[in-house]
$ cat query-v5.txt   # compact mmCIF, C-alpha atoms and all ligand atoms
# COMPACT_ATOMS: atom_id res chain seq x y z
CA MET A 1 -10.33 7.75 -9.21
CA ASN A 2 -10.88 4.56 -11.12
CA LEU A 3 -9.13 1.40 -10.01
CA LEU A 4 -9.03 -1.62 -12.32
CA PHE A 5 -8.61 -5.06 -10.81
CA ILE A 6 -7.97 -7.97 -13.18
CA GLY A 7 -8.81 -11.46 -11.89
CA ASP A 8 -6.34 -14.36 -11.82
CA ILE A 9 -4.24 -14.11 -14.98
CA PHE A 10 -3.90 -17.77 -16.02
CA ALA A 11 -1.03 -18.97 -18.24
CA SER A 12 -0.28 -17.61 -21.72
CA PRO A 13 -3.92 -17.20 -22.82
CA GLY A 14 -4.48 -14.93 -19.82
CA ARG A 15 -1.31 -12.94 -20.39
CA ARG A 16 -2.12 -12.55 -24.08
CA ILE A 17 -5.61 -11.17 -23.56
CA VAL A 18 -4.25 -8.68 -21.00
CA ALA A 19 -1.53 -7.62 -23.46
CA ASP A 20 -4.12 -7.19 -26.22
CA HIS A 21 -6.63 -5.14 -24.22
CA LEU A 22 -5.13 -3.45 -21.16
CA GLU A 23 -4.06 -0.22 -22.86
CA ASP A 24 -7.52 0.26 -24.33
CA ILE A 25 -9.32 -0.53 -21.05
CA VAL A 26 -7.12 1.98 -19.19
CA ALA A 27 -7.70 4.72 -21.78
CA THR A 28 -11.42 4.10 -22.24
CA ASN A 29 -12.24 3.95 -18.54
CA SER A 30 -9.81 6.62 -17.26
CA ILE A 31 -8.08 4.06 -15.06
CA ASP A 32 -5.73 5.52 -12.46
CA LEU A 33 -4.36 2.31 -10.93
CA VAL A 34 -4.14 -1.25 -12.27
CA VAL A 35 -3.97 -4.23 -9.92
CA ALA A 36 -4.02 -7.84 -11.11
CA ASN A 37 -3.77 -11.25 -9.50
CA GLY A 38 -0.88 -13.09 -11.16
CA GLU A 39 -0.44 -16.24 -9.09
CA ASN A 40 -1.29 -18.48 -12.07
CA ALA A 41 0.48 -16.44 -14.73
CA ALA A 42 3.28 -18.99 -15.32
CA GLY A 43 1.59 -21.89 -17.08
CA GLY A 44 -1.17 -21.89 -14.47
CA PHE A 45 1.17 -22.44 -11.54
CA GLY A 46 2.97 -19.55 -9.92
CA ILE A 47 4.74 -16.59 -11.41
CA THR A 48 8.36 -16.01 -12.43
CA PRO A 49 10.34 -12.76 -12.15
CA ALA A 50 10.40 -12.47 -15.97
CA ILE A 51 6.64 -12.87 -16.25
CA ALA A 52 6.07 -10.37 -13.44
CA GLU A 53 8.31 -7.87 -15.26
CA ASP A 54 6.33 -8.47 -18.48
CA LEU A 55 3.06 -7.80 -16.64
CA PHE A 56 4.43 -4.61 -15.09
CA ALA A 57 5.60 -3.50 -18.55
CA LEU A 58 2.05 -3.95 -19.86
CA GLY A 59 0.85 -1.35 -17.35
CA ILE A 60 -0.06 -3.38 -14.28
CA ASP A 61 1.01 -1.39 -11.22
CA VAL A 62 0.64 -4.05 -8.51
CA ILE A 63 0.49 -7.85 -8.81
CA THR A 64 -1.28 -9.76 -6.06
CA THR A 65 -1.02 -13.52 -5.62
CA GLY A 66 -2.19 -16.41 -3.43
CA ASN A 67 -1.31 -19.97 -2.48
CA HIS A 68 0.32 -20.67 -5.89
CA VAL A 69 2.86 -17.86 -5.51
CA TRP A 70 5.29 -20.40 -4.03
CA ASP A 71 5.22 -22.75 -7.04
CA LYS A 72 8.24 -21.20 -8.79
CA ARG A 73 11.31 -21.15 -6.59
CA GLU A 74 12.98 -18.29 -8.48
CA VAL A 75 10.30 -15.86 -7.32
CA TYR A 76 11.25 -16.12 -3.63
CA ASP A 77 14.20 -13.70 -3.87
CA TYR A 78 12.36 -11.50 -6.32
CA LEU A 79 9.49 -11.06 -3.82
CA GLY A 80 11.99 -9.43 -1.48
CA ARG A 81 13.30 -7.11 -4.19
CA GLN A 82 10.08 -6.11 -5.95
CA PRO A 83 7.58 -4.52 -3.54
CA ARG A 84 4.90 -4.28 -6.26
CA LEU A 85 4.61 -8.08 -6.34
CA ILE A 86 2.86 -9.00 -3.11
CA ARG A 87 1.79 -12.28 -1.51
CA PRO A 88 -0.94 -12.92 1.08
CA ALA A 89 -0.03 -10.92 4.19
CA ASN A 90 -1.17 -13.66 6.57
CA TYR A 91 1.59 -16.15 5.66
CA PRO A 92 3.41 -16.21 9.02
CA LYS A 93 7.03 -16.14 7.81
CA ALA A 94 7.50 -15.72 4.11
CA PRO A 95 9.56 -13.76 1.62
CA GLY A 96 8.17 -10.45 0.43
CA GLY A 97 5.30 -8.39 1.75
CA GLY A 98 1.53 -8.56 1.77
CA VAL A 99 0.76 -4.88 1.42
CA VAL A 100 2.15 -2.07 -0.69
CA THR A 101 1.42 1.65 -0.84
CA ILE A 102 1.84 3.15 -4.28
CA CYS A 103 0.91 6.41 -5.99
CA SER A 104 -1.67 6.21 -8.75
CA ARG A 105 -1.06 7.78 -12.17
CA SER A 106 -2.50 11.07 -10.86
CA GLY A 107 -0.50 10.95 -7.63
CA ILE A 108 -3.11 9.57 -5.23
CA PRO A 109 -1.61 7.28 -2.56
CA CYS A 110 -3.22 3.83 -2.67
CA ALA A 111 -2.70 0.75 -0.51
CA VAL A 112 -3.03 -2.70 -2.03
CA ILE A 113 -3.49 -5.52 0.48
CA ASN A 114 -3.39 -9.26 -0.26
CA LEU A 115 -4.98 -11.74 2.16
CA GLN A 116 -5.73 -15.47 1.95
CA GLY A 117 -8.61 -17.47 3.34
CA ARG A 118 -8.15 -20.41 5.68
CA THR A 119 -11.03 -22.70 4.77
CA TYR A 120 -9.83 -25.48 2.40
CA MET A 121 -6.57 -23.56 2.02
CA PRO A 122 -3.04 -24.01 3.39
CA PRO A 123 -2.86 -23.04 7.08
CA THR A 124 -1.95 -19.42 7.65
CA ASP A 125 -2.49 -16.74 10.28
CA CYS A 126 -6.00 -15.32 10.63
CA PRO A 127 -6.74 -13.06 7.65
CA PHE A 128 -9.26 -11.03 9.65
CA ARG A 129 -6.81 -10.15 12.44
CA THR A 130 -4.04 -9.62 9.89
CA ALA A 131 -6.29 -7.12 8.11
CA ASP A 132 -6.82 -5.32 11.44
CA ASP A 133 -3.06 -5.14 12.03
CA ILE A 134 -2.40 -3.78 8.54
CA LEU A 135 -5.14 -1.17 8.75
CA ASN A 136 -4.05 -0.06 12.23
CA ARG A 137 -0.52 0.52 10.94
CA LEU A 138 -1.54 2.15 7.67
CA ASP A 139 -1.06 5.91 7.25
CA PRO A 140 -4.56 7.39 7.72
CA ALA A 141 -3.81 9.73 4.81
CA VAL A 142 -3.91 6.68 2.49
CA LYS A 143 -7.65 6.61 1.85
CA VAL A 144 -7.74 4.38 -1.22
CA ARG A 145 -7.36 0.80 -0.03
CA PHE A 146 -7.86 -2.26 -2.18
CA VAL A 147 -8.02 -5.82 -0.82
CA ASP A 148 -7.59 -8.99 -2.92
CA PHE A 149 -8.96 -11.77 -0.72
CA HIS A 150 -7.72 -15.05 -2.16
CA ALA A 151 -10.01 -17.70 -0.75
CA GLU A 152 -11.96 -20.82 -1.62
CA VAL A 153 -15.18 -20.45 0.29
CA THR A 154 -17.90 -17.96 -0.55
CA SER A 155 -18.93 -17.45 3.07
CA GLU A 156 -15.41 -16.60 4.21
CA LYS A 157 -15.10 -14.05 1.41
CA ILE A 158 -18.48 -12.47 2.14
CA ALA A 159 -17.62 -12.31 5.85
CA MET A 160 -14.40 -10.47 4.99
CA GLY A 161 -16.35 -7.98 2.90
CA TRP A 162 -18.61 -7.17 5.84
CA TYR A 163 -15.70 -7.18 8.30
CA LEU A 164 -13.82 -4.55 6.30
CA ASP A 165 -16.88 -2.56 5.20
CA GLY A 166 -16.17 1.13 5.69
CA ARG A 167 -12.48 0.54 6.39
CA VAL A 168 -11.29 -0.19 2.84
CA SER A 169 -12.40 0.94 -0.61
CA ALA A 170 -12.91 -2.53 -2.03
CA VAL A 171 -12.71 -6.23 -1.23
CA VAL A 172 -12.60 -8.43 -4.32
CA GLY A 173 -12.15 -12.18 -4.14
CA THR A 174 -9.89 -14.38 -6.25
CA HIS A 175 -8.87 -18.06 -6.43
CA THR A 176 -12.08 -19.80 -7.50
CA HIS A 177 -11.73 -18.52 -11.10
CA VAL A 178 -15.46 -18.06 -11.69
CA PRO A 179 -16.86 -14.50 -11.70
CA THR A 180 -19.72 -14.03 -9.28
CA ALA A 181 -22.70 -11.76 -9.92
CA ASP A 182 -22.83 -10.16 -6.47
CA THR A 183 -21.00 -6.93 -7.34
CA ARG A 184 -22.19 -4.23 -4.92
CA ILE A 185 -21.28 -1.43 -2.57
CA LEU A 186 -21.77 -2.41 1.07
CA PRO A 187 -23.48 0.12 3.41
CA GLY A 188 -20.20 1.46 4.81
CA GLY A 189 -18.88 2.28 1.33
CA THR A 190 -16.78 -0.78 0.47
CA ALA A 191 -17.11 -2.19 -3.04
CA TYR A 192 -17.42 -5.96 -2.96
CA GLN A 193 -17.45 -8.98 -5.29
CA THR A 194 -16.98 -12.55 -4.08
CA ASP A 195 -14.82 -13.58 -7.04
CA CYS A 196 -13.50 -11.49 -9.89
CA GLY A 197 -13.19 -14.52 -12.18
CA MET A 198 -10.16 -15.83 -14.03
CA THR A 199 -8.51 -14.02 -16.93
CA GLY A 200 -7.58 -17.03 -18.97
CA PRO A 201 -8.90 -19.99 -20.98
CA TYR A 202 -12.55 -20.73 -20.15
CA ARG A 203 -12.76 -23.82 -22.37
CA SER A 204 -11.32 -25.65 -19.38
CA VAL A 205 -11.96 -26.63 -15.80
CA ILE A 206 -10.91 -23.43 -14.02
CA GLY A 207 -7.99 -23.07 -16.43
CA VAL A 208 -6.85 -26.69 -16.78
CA GLU A 209 -7.51 -29.00 -19.76
CA THR A 210 -10.94 -30.52 -19.28
CA ASP A 211 -10.00 -34.13 -20.18
CA LEU A 212 -7.31 -34.24 -17.51
CA ILE A 213 -9.61 -33.03 -14.78
CA ILE A 214 -12.44 -35.35 -15.84
CA GLN A 215 -9.97 -38.25 -15.69
CA ARG A 216 -8.94 -37.18 -12.23
CA PHE A 217 -12.54 -37.20 -11.06
CA LEU A 218 -13.21 -40.55 -12.74
CA THR A 219 -10.11 -42.35 -11.46
CA SER A 220 -8.92 -40.41 -8.38
CA LEU A 221 -5.42 -40.88 -9.78
CA PRO A 222 -3.02 -37.97 -9.98
CA VAL A 223 -2.78 -36.31 -13.38
CA ARG A 224 -0.25 -33.97 -14.88
CA MET A 225 -2.00 -30.59 -14.94
CA GLU A 226 -1.80 -28.69 -18.19
CA SER A 227 -3.26 -25.29 -18.83
CA ALA A 228 -5.96 -25.11 -21.48
CA ARG A 229 -5.50 -22.93 -24.55
CA ALA A 230 -8.94 -22.00 -25.82
CA GLY A 231 -11.72 -19.66 -24.84
CA ALA A 232 -9.72 -16.74 -23.46
CA GLU A 233 -11.73 -14.22 -21.48
CA LEU A 234 -10.66 -11.27 -19.37
CA HIS A 235 -12.55 -10.66 -16.15
CA ALA A 236 -12.05 -7.51 -14.16
CA VAL A 237 -13.76 -5.11 -11.78
CA ILE A 238 -13.62 -1.32 -12.10
CA ILE A 239 -14.11 0.63 -8.89
CA ASP A 240 -14.66 4.38 -8.78
CA VAL A 241 -13.24 5.48 -5.43
CA ASP A 242 -13.78 8.89 -3.83
CA GLU A 243 -10.17 9.66 -2.99
CA ALA A 244 -11.20 12.13 -0.25
CA THR A 245 -13.04 9.49 1.80
CA GLY A 246 -11.77 6.21 0.37
CA HIS A 247 -15.35 5.06 -0.15
CA ALA A 248 -16.46 3.47 -3.41
CA ARG A 249 -18.82 5.56 -5.52
CA ALA A 250 -19.46 2.85 -8.10
CA VAL A 251 -18.34 -0.65 -9.01
CA ARG A 252 -18.92 -2.70 -12.13
CA ARG A 253 -17.69 -5.88 -13.74
CA HIS A 254 -15.75 -5.58 -16.96
CA ALA A 255 -15.33 -8.64 -19.16
CA ILE A 256 -13.83 -9.23 -22.59
CA ASP A 257 -14.37 -12.30 -24.73
CA GLY A 258 -11.12 -12.86 -26.58
CA ASP A 259 -12.30 -15.44 -29.09
FE FE2 B 1 -5.19 -19.72 -5.67
$ encode --input "query-v5.txt" --output "structure tokens"
Amino acid sequence: MNLLFIGDIFASPGRRIVADHLEDIVATNSIDLVVANGENAAGGFGITPAIAEDLFALGIDVITTGNHVWDKREVYDYLGRQPRLIRPANYPKAPGGGVVTICSRSGIPCAVINLQGRTYMPPTDCPFRTADDILNRLDPAVKVRFVDFHAEVTSEKIAMGWYLDGRVSAVVGTHTHVPTADTRILPGGTAYQTDCGMTGPYRSVIGVETDLIIQRFLTSLPVRMESARAGAELHAVIIDVDEATGHARAVRRHAIDGD
């Protein structure tokens, strides 16, 4: 089966390029399950219930998030009601869940797991031990297992890839908004990429208007963050998973230049 993962959907340019292209990507690549990180979908900061519903209506099956999921207060209750919107599982006490099991379009059970790194990130429980706990509790019949590891530091992400190699179908990183060129299948059969890359405006500094961020670096004063508008690109990873073993057969990056 083919699993599509779309990297951090950022503000309206990110949502628009997904709306314009998702149906075609799914049809052209025989996609069976669509997962996307949506923690920046609302103007670059958080996600609202209405935006989550819009993304589900476009054909996204599961939305993962990260540290920004808490930016919009109205999503707290919604996280408890909508199991297909998940937040990092290693937040110690938080609304919602960090893992969901869902059937793909062709009826294959799939687990989607969201974890967050700890280096240069808000303090949370250990993502490595949390992953162990989740996998120990997971129904062994659920072979297809996707992990979005939302983390800042390359080494922590790579370590997670090796730690879960052979135990999950894929570990793909999010949060840094720049796609990395290290797409591969690890020896145990886990597809891996350090960062999927943002789906949003690339004429920016990781999604935000360039002038504002340059001013912040020049002055060290706080600035009002505004999402950029131009240079929309979609960045995704397509993983072909052997549903009998849960191992990845192939993995490739899939990018679309929207301008
Ligand atoms: Fe993030």
$ residues_around --input "query-v5.txt" --residues "Val172 of chain A" --least-positions-apart "4" --cutoff "7 Å" --atoms "all atoms listed in the file" --output "list of chain:residue names"
A:Val147, A:Asp148, A:Phe149, A:Tyr192, A:Gln193, A:Thr194, A:Asp195, A:Cys196
$ residues_around --input "query-v5.txt" --residues "Ser227 of chain A" --least-positions-apart "2" --cutoff "12 Å" --atoms "only C-alpha atoms" --output "NGL selection string"
:A and (9-14 or 40-45 or 200-213 or 224-225 or 229-232)
$ residues_around --input "query-v5.txt" --residues "segment 84-87 of chain A" --least-positions-apart "3" --cutoff "7 Å" --atoms "all atoms listed in the file" --output "MDAnalysis selection string"
chainID A and resid 61:66 69 79 96:100 114
$ atom_distance --input "query-v5.txt" --atom1 "atom CA of Leu221 of chain A" --atom2 "atom CA of Pro179 of chain A"
28.8 Å
$ residues_near_ligand --input "query-v5.txt" --ligand "ligand FE2 1 (chain B)" --cutoff "7 Å" --atoms "only C-alpha atoms and all ligand atoms" --output "PyMOL selection string"
chain A and resi 39+66-68+150+175
$ closest_residue --input "query-v5.txt" --among "A:Asp240, A:Asp165, A:Glu233, A:Glu226" --to "Asp20 of chain A" --atoms "all atoms listed in the file"
A:Glu233
$ closest_residue --input "query-v5.txt" --among "A:Val223, A:Leu115, A:Leu138, A:Met1" --to "His247 of chain A" --atoms "all atoms listed in the file"
A:Met1
$ atom_distance --input "query-v5.txt" --atom1 "atom CA of Val251 of chain A" --atom2 "atom CA of Tyr91 of chain A"
29.2 Å
$ closest_residue --input "query-v5.txt" --among "A:Tyr76, A:Ile17, A:Gly161, A:Ala94" --to "Asp182 of chain A" --atoms "only C-alpha atoms"
A:Gly161
$ closest_residue --input "query-v5.txt" --among "A:Gln116, A:Asn2, A:Thr130, A:Ser106" --to "Ile31 of chain A" --atoms "all atoms listed in the file"
A:Asn2
$ atom_distance --input "query-v5.txt" --atom1 "atom CA of Val153 of chain A" --atom2 "atom CA of Thr174 of chain A"
10.4 Å
